[in-house]
Structures are given as C-alpha cells and as structure tokens.
file run33.pdb (PDB, C-alpha atoms)
ATOM      1  CA  MET A 190     -11.073 -10.780 -17.780
ATOM      2  CA  ASN A 191      -8.602  -8.488 -16.028
ATOM      3  CA  ASN A 192     -10.342  -6.113 -13.603
ATOM      4  CA  SER A 193      -7.140  -4.950 -11.905
ATOM      5  CA  LYS A 194      -7.036  -1.223 -11.043
ATOM      6  CA  ARG A 195     -10.516  -0.656 -12.534
ATOM      7  CA  LEU A 196     -12.863  -1.181  -9.617
ATOM      8  CA  GLY A 197     -11.877   2.044  -7.919
ATOM      9  CA  ARG A 198     -13.563   4.001 -10.715
ATOM     10  CA  GLY A 199     -16.869   2.457  -9.748
ATOM     11  CA  LEU A 200     -19.216  -0.154 -11.134
ATOM     12  CA  ASP A 201     -19.672   1.734 -14.391
ATOM     13  CA  ALA A 202     -15.976   1.214 -15.101
ATOM     14  CA  LEU A 203     -16.316  -2.517 -14.591
ATOM     15  CA  PHE A 204     -19.318  -2.864 -16.908
ATOM     16  CA  ALA A 205     -18.688   0.207 -19.050
ATOM     17  CA  SER A 206     -19.527  -1.176 -22.456
ATOM     18  CA  GLU A 207     -20.246  -4.346 -24.362
ATOM     19  CA  SER A 208     -17.081  -3.861 -26.387
ATOM     20  CA  ALA A 209     -14.972  -3.650 -23.231
ATOM     21  CA  GLN A 210     -16.667  -6.758 -21.759
ATOM     22  CA  PRO A 211     -17.629  -8.971 -24.753
ATOM     23  CA  ALA A 212     -18.109 -12.055 -22.552
ATOM     24  CA  LEU A 213     -21.045 -10.336 -20.797
ATOM     25  CA  SER A 214     -22.816  -8.898 -23.824
ATOM     26  CA  SER A 215     -25.339 -11.723 -24.035
ATOM     27  CA  ASN A 216     -26.835 -10.976 -20.610
ATOM     28  CA  SER A 217     -26.098  -7.309 -20.085
ATOM     29  CA  GLY A 218     -29.729  -6.125 -20.098
ATOM     30  CA  VAL A 219     -31.931  -5.316 -17.128
ATOM     31  CA  ARG A 220     -34.562  -7.895 -16.203
ATOM     32  CA  MET A 221     -37.206  -8.185 -13.496
ATOM     33  CA  LEU A 222     -37.078 -10.855 -10.797
ATOM     34  CA  ARG A 223     -39.341 -11.769  -7.899
ATOM     35  CA  PRO A 224     -37.829 -11.369  -4.420
ATOM     36  CA  ASP A 225     -37.962 -15.150  -3.861
ATOM     37  CA  GLN A 226     -35.660 -15.613  -6.870
ATOM     38  CA  ILE A 227     -32.937 -13.517  -5.226
ATOM     39  CA  VAL A 228     -30.695 -14.565  -2.323
ATOM     40  CA  PRO A 229     -28.186 -12.521  -0.261
ATOM     41  CA  SER A 230     -24.514 -13.279  -0.735
ATOM     42  CA  PRO A 231     -22.378 -14.902   1.969
ATOM     43  CA  LEU A 232     -19.543 -12.767   0.562
ATOM     44  CA  GLN A 233     -21.340  -9.534   1.459
ATOM     45  CA  PRO A 234     -18.932  -7.323   3.463
ATOM     46  CA  ARG A 235     -21.725  -5.662   5.420
ATOM     47  CA  ARG A 236     -22.374  -7.217   8.837
ATOM     48  CA  HIS A 237     -25.118  -4.874  10.044
ATOM     49  CA  PHE A 238     -28.006  -3.034   8.386
ATOM     50  CA  ASP A 239     -29.250   0.134  10.073
ATOM     51  CA  GLU A 240     -33.019  -0.157  10.441
ATOM     52  CA  ALA A 241     -33.669   3.601  10.257
ATOM     53  CA  THR A 242     -31.632   3.911   7.052
ATOM     54  CA  LEU A 243     -33.450   0.932   5.540
ATOM     55  CA  ALA A 244     -36.819   2.489   6.407
ATOM     56  CA  THR A 245     -35.828   5.753   4.708
ATOM     57  CA  LEU A 246     -34.583   3.901   1.636
ATOM     58  CA  GLY A 247     -37.756   1.800   1.602
ATOM     59  CA  GLU A 248     -39.923   4.922   1.587
ATOM     60  CA  SER A 249     -37.944   6.256  -1.380
ATOM     61  CA  ILE A 250     -38.384   2.927  -3.198
ATOM     62  CA  ARG A 251     -42.118   2.979  -2.440
ATOM     63  CA  LYS A 252     -42.408   6.392  -4.108
ATOM     64  CA  HIS A 253     -39.928   6.141  -6.961
ATOM     65  CA  GLY A 254     -39.054   2.469  -7.365
ATOM     66  CA  ILE A 255     -35.512   1.081  -7.571
ATOM     67  CA  LEU A 256     -33.656   3.557  -9.763
ATOM     68  CA  GLU A 257     -30.432   1.530 -10.036
ATOM     69  CA  PRO A 258     -30.747  -2.201 -10.823
ATOM     70  CA  ILE A 259     -29.345  -4.710  -8.363
ATOM     71  CA  ILE A 260     -26.360  -6.649  -9.721
ATOM     72  CA  VAL A 261     -26.730 -10.421  -9.323
ATOM     73  CA  ARG A 262     -25.035 -13.600 -10.512
ATOM     74  CA  PRO A 263     -26.583 -17.036 -11.223
ATOM     75  CA  ARG A 264     -26.214 -19.357  -8.224
ATOM     76  CA  ASP A 265     -27.792 -22.781  -7.693
ATOM     77  CA  GLY A 266     -30.947 -22.054  -9.705
ATOM     78  CA  ARG A 267     -31.443 -18.601  -8.188
ATOM     79  CA  PHE A 268     -29.629 -15.268  -8.303
ATOM     80  CA  GLU A 269     -27.142 -14.151  -5.671
ATOM     81  CA  ILE A 270     -26.735 -10.449  -4.894
ATOM     82  CA  VAL A 271     -23.389  -8.974  -5.908
ATOM     83  CA  ALA A 272     -24.189  -5.308  -5.251
ATOM     84  CA  GLY A 273     -27.341  -3.686  -3.913
ATOM     85  CA  GLU A 274     -28.332  -5.691  -0.845
ATOM     86  CA  ARG A 275     -29.575  -2.585   0.991
ATOM     87  CA  ARG A 276     -31.927  -1.882  -1.925
ATOM     88  CA  PHE A 277     -33.047  -5.506  -1.854
ATOM     89  CA  GLN A 278     -33.726  -5.481   1.916
ATOM     90  CA  ALA A 279     -35.592  -2.165   1.701
ATOM     91  CA  ALA A 280     -37.671  -3.405  -1.241
ATOM     92  CA  ILE A 281     -38.650  -6.507   0.752
ATOM     93  CA  GLN A 282     -39.789  -4.316   3.656
ATOM     94  CA  VAL A 283     -42.139  -2.268   1.453
ATOM     95  CA  GLY A 284     -43.503  -5.357  -0.326
ATOM     96  CA  LEU A 285     -42.136  -4.787  -3.830
ATOM     97  CA  GLU A 286     -43.216  -7.715  -6.021
ATOM     98  CA  GLU A 287     -40.519  -7.371  -8.691
ATOM     99  CA  LEU A 288     -37.026  -5.918  -8.656
ATOM    100  CA  PRO A 289     -34.863  -4.755 -11.570
ATOM    101  CA  VAL A 290     -31.582  -6.658 -11.796
ATOM    102  CA  THR A 291     -28.566  -6.943 -14.034
ATOM    103  CA  VAL A 292     -27.244 -10.510 -14.297
ATOM    104  CA  ARG A 293     -23.497 -11.087 -14.518
ATOM    105  CA  GLU A 294     -21.315 -14.197 -14.617
ATOM    106  CA  LEU A 295     -18.740 -13.463 -11.902
ATOM    107  CA  ASP A 296     -16.294 -15.456  -9.784
ATOM    108  CA  ASP A 297     -16.011 -15.062  -5.993
ATOM    109  CA  ARG A 298     -13.025 -12.722  -6.141
ATOM    110  CA  THR A 299     -14.648 -10.245  -8.533
ATOM    111  CA  THR A 300     -17.902 -10.484  -6.576
ATOM    112  CA  ILE A 301     -16.190  -9.420  -3.343
ATOM    113  CA  GLU A 302     -14.305  -6.620  -5.117
ATOM    114  CA  ILE A 303     -17.500  -5.193  -6.642
ATOM    115  CA  ALA A 304     -19.309  -5.315  -3.287
ATOM    116  CA  LEU A 305     -16.384  -3.595  -1.572
ATOM    117  CA  SER A 306     -16.055  -1.000  -4.312
ATOM    118  CA  GLU A 307     -19.739  -0.082  -4.193
ATOM    119  CA  ASN A 308     -19.818   0.192  -0.410
ATOM    120  CA  LEU A 309     -16.561   2.171  -0.221
ATOM    121  CA  GLU A 310     -17.778   4.698  -2.800
ATOM    122  CA  ARG A 311     -21.008   5.229  -0.897
ATOM    123  CA  GLU A 312     -19.379   4.992   2.558
ATOM    124  CA  ASP A 313     -22.028   2.419   3.479
ATOM    125  CA  LEU A 314     -19.780   0.242   5.612
ATOM    126  CA  SER A 315     -18.365   0.949   9.049
ATOM    127  CA  PRO A 316     -14.544   1.068   9.160
ATOM    128  CA  ILE A 317     -14.498  -2.226  11.093
ATOM    129  CA  GLU A 318     -16.651  -3.920   8.451
ATOM    130  CA  VAL A 319     -14.257  -2.681   5.775
ATOM    131  CA  ALA A 320     -11.227  -3.808   7.785
ATOM    132  CA  LEU A 321     -12.696  -7.280   8.349
ATOM    133  CA  SER A 322     -13.546  -7.577   4.650
ATOM    134  CA  PHE A 323     -10.030  -6.527   3.657
ATOM    135  CA  SER A 324      -8.511  -9.030   6.088
ATOM    136  CA  ASP A 325     -10.807 -11.847   4.888
ATOM    137  CA  TYR A 326      -9.969 -10.999   1.263
ATOM    138  CA  LEU A 327      -6.208 -11.155   1.901
ATOM    139  CA  THR A 328      -6.592 -14.508   3.655
ATOM    140  CA  LYS A 329      -9.007 -16.025   1.130
ATOM    141  CA  PHE A 330      -7.028 -15.094  -1.989
ATOM    142  CA  GLY A 331      -3.511 -15.067  -0.560
ATOM    143  CA  THR A 332      -2.775 -11.630  -1.945
ATOM    144  CA  THR A 333      -1.024  -8.512  -0.636
ATOM    145  CA  GLN A 334      -2.278  -5.187   0.621
ATOM    146  CA  ASP A 335      -0.634  -3.538  -2.403
ATOM    147  CA  GLU A 336      -2.560  -5.688  -4.861
ATOM    148  CA  LEU A 337      -5.866  -5.208  -3.047
ATOM    149  CA  ALA A 338      -5.318  -1.439  -3.014
ATOM    150  CA  GLN A 339      -4.593  -1.458  -6.751
ATOM    151  CA  ARG A 340      -7.653  -3.548  -7.567
ATOM    152  CA  LEU A 341      -9.901  -1.214  -5.553
ATOM    153  CA  GLY A 342      -8.225   1.958  -6.832
ATOM    154  CA  LYS A 343      -7.171   2.965  -3.297
ATOM    155  CA  ASP A 344      -3.860   3.997  -1.740
ATOM    156  CA  ARG A 345      -2.011   1.195   0.036
ATOM    157  CA  SER A 346      -1.914   3.365   3.174
ATOM    158  CA  THR A 347      -5.738   3.472   3.174
ATOM    159  CA  VAL A 348      -5.907  -0.319   3.140
ATOM    160  CA  ALA A 349      -3.134  -0.681   5.748
ATOM    161  CA  ASN A 350      -4.644   1.902   8.119
ATOM    162  CA  LEU A 351      -8.043   0.235   7.996
ATOM    163  CA  ILE A 352      -6.623  -3.229   8.668
ATOM    164  CA  ARG A 353      -4.667  -1.808  11.646
ATOM    165  CA  LEU A 354      -8.011  -1.012  13.291
ATOM    166  CA  LEU A 355      -8.433  -4.744  13.919
ATOM    167  CA  ASP A 356      -5.637  -4.414  16.523
ATOM    168  CA  LEU A 357      -8.033  -2.431  18.728
ATOM    169  CA  PRO A 358      -9.621  -4.205  21.721
ATOM    170  CA  GLU A 359     -13.251  -5.231  21.430
ATOM    171  CA  ALA A 360     -14.633  -2.197  23.293
ATOM    172  CA  ALA A 361     -13.003   0.242  20.873
ATOM    173  CA  ARG A 362     -14.034  -1.812  17.840
ATOM    174  CA  THR A 363     -17.633  -1.860  19.064
ATOM    175  CA  ALA A 364     -17.575   1.908  19.634
ATOM    176  CA  LEU A 365     -16.278   2.408  16.097
ATOM    177  CA  ASP A 366     -18.785  -0.054  14.645
ATOM    178  CA  ASN A 367     -21.608   1.805  16.420
ATOM    179  CA  ARG A 368     -20.185   5.146  15.217
ATOM    180  CA  THR A 369     -19.732   6.319  18.812
ATOM    181  CA  ILE A 370     -16.217   7.279  17.697
ATOM    182  CA  THR A 371     -14.778   7.880  14.232
ATOM    183  CA  ALA A 372     -11.968   6.097  12.424
ATOM    184  CA  GLY A 373      -9.799   9.118  13.259
ATOM    185  CA  HIS A 374     -10.413   8.614  16.983
ATOM    186  CA  ALA A 375      -9.669   4.901  16.620
ATOM    187  CA  ARG A 376      -6.340   5.527  14.864
ATOM    188  CA  ALA A 377      -5.405   7.993  17.601
ATOM    189  CA  LEU A 378      -5.974   5.269  20.218
ATOM    190  CA  LEU A 379      -3.833   2.635  18.486
ATOM    191  CA  PRO A 380      -0.489   3.657  20.102
ATOM    192  CA  LEU A 381      -1.911   2.765  23.534
ATOM    193  CA  LYS A 382      -0.858  -0.866  23.983
ATOM    194  CA  ASP A 383      -2.228  -1.266  27.506
ATOM    195  CA  GLU A 384      -5.852  -2.362  27.026
ATOM    196  CA  LYS A 385      -6.965  -1.045  30.433
ATOM    197  CA  GLN A 386      -5.444   2.369  29.724
ATOM    198  CA  LEU A 387      -6.956   2.442  26.244
ATOM    199  CA  GLY A 388     -10.377   1.625  27.699
ATOM    200  CA  ALA A 389     -10.096   4.488  30.179
ATOM    201  CA  VAL A 390      -9.093   6.914  27.436
ATOM    202  CA  LEU A 391     -11.941   5.683  25.210
ATOM    203  CA  THR A 392     -14.443   6.312  28.009
ATOM    204  CA  ASP A 393     -13.002   9.791  28.510
ATOM    205  CA  VAL A 394     -13.145  10.584  24.786
ATOM    206  CA  VAL A 395     -16.808   9.554  24.555
ATOM    207  CA  ARG A 396     -17.835  11.238  27.817
ATOM    208  CA  ARG A 397     -16.154  14.549  26.979
ATOM    209  CA  GLN A 398     -16.906  14.268  23.249
ATOM    210  CA  LEU A 399     -13.296  15.007  22.374
ATOM    211  CA  SER A 400     -12.338  15.768  18.793
ATOM    212  CA  VAL A 401      -9.805  13.631  16.931
ATOM    213  CA  ARG A 402      -7.134  16.281  17.479
ATOM    214  CA  GLN A 403      -7.898  16.463  21.204
ATOM    215  CA  THR A 404      -7.726  12.664  21.412
ATOM    216  CA  GLU A 405      -4.343  12.632  19.665
ATOM    217  CA  ALA A 406      -3.058  15.259  22.106
ATOM    218  CA  LEU A 407      -4.348  13.256  25.102
ATOM    219  CA  VAL A 408      -2.634  10.081  23.884
ATOM    220  CA  ARG A 409       0.622  11.979  23.248
ATOM    221  CA  ARG A 410       0.582  13.358  26.803
ATOM    222  CA  LEU A 411       0.055   9.909  28.272
ATOM    223  CA  LEU A 412       2.844   8.372  26.210
ATOM    224  CA  THR A 413       5.223  11.249  26.982
ATOM    225  CA  LYS A 414       4.472  10.952  30.702
ATOM    226  CA  LYS A 415       5.186   7.225  30.598
ATOM    227  CA  THR A 416       8.434   7.793  28.706
ATOM    228  CA  ARG A 417       9.601  10.408  31.198
ATOM    229  CA  ALA A 418       8.770   8.141  34.131
ATOM    230  CA  GLY A 419      10.775   5.376  32.518
ATOM    231  CA  ALA A 420      13.670   7.737  31.906
ATOM    232  CA  VAL A 421      13.711   8.782  35.576
ATOM    233  CA  HIS A 422      13.782   5.135  36.630
ATOM    234  CA  ASP A 423      16.564   4.361  34.143
ATOM    235  CA  GLU A 424      18.643   7.269  35.426
ATOM    236  CA  ALA A 425      18.222   6.091  39.021
ATOM    237  CA  LEU A 426      19.350   2.591  38.062
ATOM    238  CA  ARG A 427      22.373   3.957  36.211
ATOM    239  CA  ASN A 428      23.406   5.893  39.335
ATOM    240  CA  ILE A 429      23.070   2.744  41.453
ATOM    241  CA  GLU A 430      25.108   0.776  38.896
ATOM    242  CA  GLU A 431      27.919   3.347  39.027
ATOM    243  CA  THR A 432      27.911   3.368  42.848
ATOM    244  CA  MET A 433      28.136  -0.428  43.013
ATOM    245  CA  GLN A 434      30.865  -0.559  40.348
ATOM    246  CA  LYS A 435      32.996   1.896  42.369
ATOM    247  CA  LEU A 436      32.322   0.006  45.593
ATOM    248  CA  LEU A 437      33.105  -3.445  44.154
ATOM    249  CA  ALA A 438      35.720  -2.361  41.596
ATOM    250  CA  THR A 439      34.133  -4.550  38.908
ATOM    251  CA  ARG A 440      31.481  -4.418  36.218
ATOM    252  CA  VAL A 441      27.871  -4.346  37.482
ATOM    253  CA  ASN A 442      24.791  -4.611  35.275
ATOM    254  CA  ILE A 443      21.246  -3.983  36.512
ATOM    255  CA  ARG A 444      18.370  -5.260  34.341
ATOM    256  CA  GLY A 445      14.757  -4.334  35.066
ATOM    257  CA  ARG A 446      13.045  -1.451  36.816
ATOM    258  CA  VAL A 447      13.487   0.254  40.181
ATOM    259  CA  ASN A 448      10.867  -1.945  41.839
ATOM    260  CA  ARG A 449      12.050  -5.252  40.327
ATOM    261  CA  GLY A 450      15.000  -6.581  38.380
ATOM    262  CA  VAL A 451      18.275  -8.524  38.345
ATOM    263  CA  ILE A 452      21.766  -7.417  39.431
ATOM    264  CA  GLU A 453      24.717  -9.024  37.630
ATOM    265  CA  ILE A 454      28.161  -8.699  39.274
ATOM    266  CA  SER A 455      31.110  -9.783  37.134
ATOM    267  CA  TYR A 456      34.188 -11.586  38.513
ATOM    268  CA  PHE A 457      37.112 -12.994  36.543
ATOM    269  CA  ASN A 458      38.704 -15.628  38.774
ATOM    270  CA  GLN A 459      38.350 -17.228  42.206
ATOM    271  CA  GLU A 460      40.457 -14.570  43.858
ATOM    272  CA  ASP A 461      38.276 -11.834  42.356
ATOM    273  CA  LEU A 462      35.140 -13.595  43.568
ATOM    274  CA  LEU A 463      36.497 -13.881  47.122
ATOM    275  CA  ARG A 464      37.493 -10.211  47.028
ATOM    276  CA  ILE A 465      33.929  -9.161  46.085
ATOM    277  CA  LEU A 466      32.447 -11.422  48.757
ATOM    278  CA  GLY A 467      34.794  -9.826  51.319
ATOM    279  CA  ILE A 468      33.547  -6.347  50.363
ATOM    280  CA  LEU A 469      29.907  -7.439  50.618
ATOM    281  CA  ASN A 470      30.529  -9.129  53.967
ATOM    282  CA  SER A 471      32.250  -6.052  55.334
ATOM    283  CA  GLN A 472      29.291  -3.922  54.264
ATOM    284  CA  GLU A 473      26.923  -6.334  56.002
ATOM    285  CA  GLU A 474      29.004  -6.272  59.194
ATOM    286  CA  THR A 475      28.990  -2.454  59.177
ATOM    287  CA  ARG A 476      25.181  -2.522  58.814
ATOM    288  CA  ASP A 477      24.878  -4.944  61.746
ATOM    289  CA  ASP A 478      27.082  -2.798  63.984
ATOM    290  CA  ASP A 479      25.722   0.642  63.184
ATOM    291  CA  GLY A 480      22.286  -0.019  61.721
ATOM    292  CA  LEU A 481      23.352   1.636  58.466
ATOM    293  CA  VAL A 482      26.034   1.502  55.817
ATOM    294  CA  ASN A 483      28.794   4.095  56.230
TER     295      ASN A 483
END

call {"tool": "encode", "arguments": {"input": "run33.pdb", "output": "structure tokens"}}
result
Amino acid sequence: MNNSKRLGRGLDALFASESAQPALSSNSGVRMLRPDQIVPSPLQPRRHFDEATLATLGESIRKHGILEPIIVRPRDGRFEIVAGERRFQAAIQVGLEELPVTVRELDDRTTIEIALSENLEREDLSPIEVALSFSDYLTKFGTTQDELAQRLGKDRSTVANLIRLLDLPEAARTALDNRTITAGHARALLPLKDEKQLGAVLTDVVRRQLSVRQTEALVRRLLTKKTRAGAVHDEALRNIEETMQKLLATRVNIRGRVNRGVIEISYFNQEDLLRILGILNSQEETRDDDGLVN
C-alpha cells in the first residue's frame, strides 16, 4: 500500500474508500470497545496533554459522545491507538464505558504518519513536539526531509524550519513548548549563537511581550552591533599590521582580535632575521632610554 503524498489531505484521504484500500475492506466498520481493551501508542508524537483542554473535551464527550471514532490497530491481544488519544484520555476522565473505534492493520511507519497528520491538521502539537517527532521519524526510518514532507503533504521548508527549532537551548525550547513564545519568536532567536545572549533576549521578549517582528528587529540590531564592533577591531589590526610592515620592511600577519592574538613576522634568510632582530632591539633600546618609542 503506497500512502506517499496522501496523508497531507487528511485521514479521509488515507481511508477514503474500500475500493481504494481493498486490503482493509474486511475490517473497515466502526465497532465499540471497552477502555481496558485500548492502549496508548508509544509512537504517539504528543508528549504533553493540557488538562484544561482535556476537561473541555471531556465535557463535550459527556454531552454528545465521541463523534469521530478513534483509529486503532491490533497489538498483542489489545488495540493500540493510532489517532485520537486526546479523545480516549478525555473519555476515560468522564467514565465512558465504551468507545467507538475503527480498526486498521498498519505498520509503524504509517501509524506515525497518521498520528502526525492528524495532529498537524488540528494544530494539537506544540512546535517542539512536532520537531522531535520529525527528527525521530528521520532517524527511525532513515529517510530525508524531502520524503517526509511529501508523505505528509507539507513543504520541505516547513519540515526543515521545525527541525531547526531543536537547535534552540533548553530555556527557549521550554518557553515554546509552554506557548510562552510562538514558533515565529523561536525562529527569530535562532541566529543568536551565544546561549547567554539568547537567554537574555528571550527574557526581554517575554517581559516586554514583544511581537515576532519586534523580536526580529531586536536580534538584527544585536547582530549588526556585533558585526560593526568586529569590523572596528579588524580595521585597527590592519592599521597595526601596515605600521609593523613599514617598520620591519617585511610581511607581517596578525591573527586574532585586539585583546588577544598571534603576530607572524616573515623572514627569508639568516641575514633577514638578524636585520629584523636589530630593528626590534633598537626600538627596545629607544624605549629604555626615553620611556617611549620615537
């Protein structure tokens, strides 16, 4: 069964009709199962369940029941959830004795793709949960970002940008996971490679409740300031290099910054070396006599 490029159109596209999926026609109906017959999936991309959201969903289930069956697959004598774990958890909280399910025979790869597809469509997962799931998927199945994007019906840039969020330090990832900042804020912080600086900016963004655009502008200013400072230092070193080259009449190369680095003085034979040493000695003697270099 080839599900490539179909999951992005939703679960209906995957199980659209018996003719499209003949292998599943024998068990395509809805059936009722007790909660103790159903187990959560270790492949579930969601790491956290919001208690307030579950309570709201549970109240809706109490009044109207589960309107969309949970998708499960047979697993070790019971049925493992493929899609619909929030509905399952909420139903448990309100004491539902039976739950409607649709049973499917699915491998691990398709199971993960369906769970991701459902959660992405409903925006149920935090960006970090999505990024971790994408990263785990790529590692587990040895595939590429392009192929994952195609199988989920997403742009490759969407997949790549989400995975990049895993480069954030723990404080920023936690803030994003807790929805203290948005994915837009997180992407704006990524160019800051100094973790201490990024942490300070993150604190400022949260404290002042900056928008994504304001955060981007703040990061640009910091990076521009750093670049200019580096340029000033580089210019100062170039001036020193030129002065030393004129003084010593040979090539001089300075590597590093103004406050620390290495000076390389080139010489081409023993006579040249002695000549340079004579110049340096004469400069030192002048300093000793006058207290400064003339």

call {"tool": "residues_around", "arguments": {"input": "run33.pdb", "residues": "Glu336 of chain A", "least_positions_apart": "2", "cutoff": "12 Å", "atoms": "all atoms listed in the file", "output": "count of residues only"}}
result
22

call {"tool": "resolve_selection", "arguments": {"input": "run33.pdb", "expression": "the PyMOL selection byres ((chain A and resi 284) around 12)", "output": "list in words"}}
result
Arg223, Pro224, Asp225, Gly247, Glu248, Ile250, Arg251, Gly254, Phe277, Gln278, Ala279, Ala280, Ile281, Gln282, Val283, Leu285, Glu286, Glu287 and Leu288 of chain A

call {"tool": "residues_around", "arguments": {"input": "run33.pdb", "residues": "segment 351-368 of chain A", "least_positions_apart": "2", "cutoff": "10 Å", "atoms": "all atoms listed in the file", "output": "NGL selection string"}}
result
:A and (236-237 or 314-324 or 334 or 346-349 or 370-376 or 378-385 or 387-388 or 391-392 or 395)

call {"tool": "resolve_selection", "arguments": {"input": "run33.pdb", "expression": "the PyMOL selection byres ((chain A and resi 232) around 10)", "output": "list in words"}}
result
Pro229, Ser230, Pro231, Gln233, Pro234, Arg235, Glu269, Ile270, Val271, Asp297, Arg298, Thr300, Ile301, Glu302, Ala304, Leu305, Ser322, Asp325 and Tyr326 of chain A

call {"tool": "closest_residue", "arguments": {"input": "run33.pdb", "among": "A:Arg410, A:Thr291, A:Ile465, A:Val261", "to": "Arg440 of chain A", "atoms": "only C-alpha atoms"}}
result
A:Ile465

call {"tool": "closest_residue", "arguments": {"input": "run33.pdb", "among": "A:Ile255, A:Ala244, A:Val290, A:Ile454", "to": "Arg220 of chain A", "atoms": "only C-alpha atoms"}}
result
A:Val290

call {"tool": "residues_around", "arguments": {"input": "run33.pdb", "residues": "Ala406 of chain A", "least_positions_apart": "6", "cutoff": "10 Å", "atoms": "all atoms listed in the file", "output": "number ranges by chain"}}
result
A: 377, 400, 412

call {"tool": "closest_residue", "arguments": {"input": "run33.pdb", "among": "A:Thr413, A:Arg264, A:Ile468, A:Gln459", "to": "Leu437 of chain A", "atoms": "only C-alpha atoms"}}
result
A:Ile468

call {"tool": "resolve_selection", "arguments": {"input": "run33.pdb", "expression": "the PyMOL selection byres ((chain A and resi 430) around 12)", "output": "list in words"}}
result
Asp423, Glu424, Ala425, Leu426, Arg427, Asn428, Ile429, Glu431, Thr432, Met433, Gln434, Lys435, Leu436, Leu437, Ala438, Thr439, Arg440, Val441, Asn442, Ile443, Arg444, Val447, Val451, Ile452, Glu453 and Ile454 of chain A

call {"tool": "atom_distance", "arguments": {"input": "run33.pdb", "atom1": "atom CA of Leu337 of chain A", "atom2": "atom CA of Glu307 of chain A"}}
result
14.8 Å
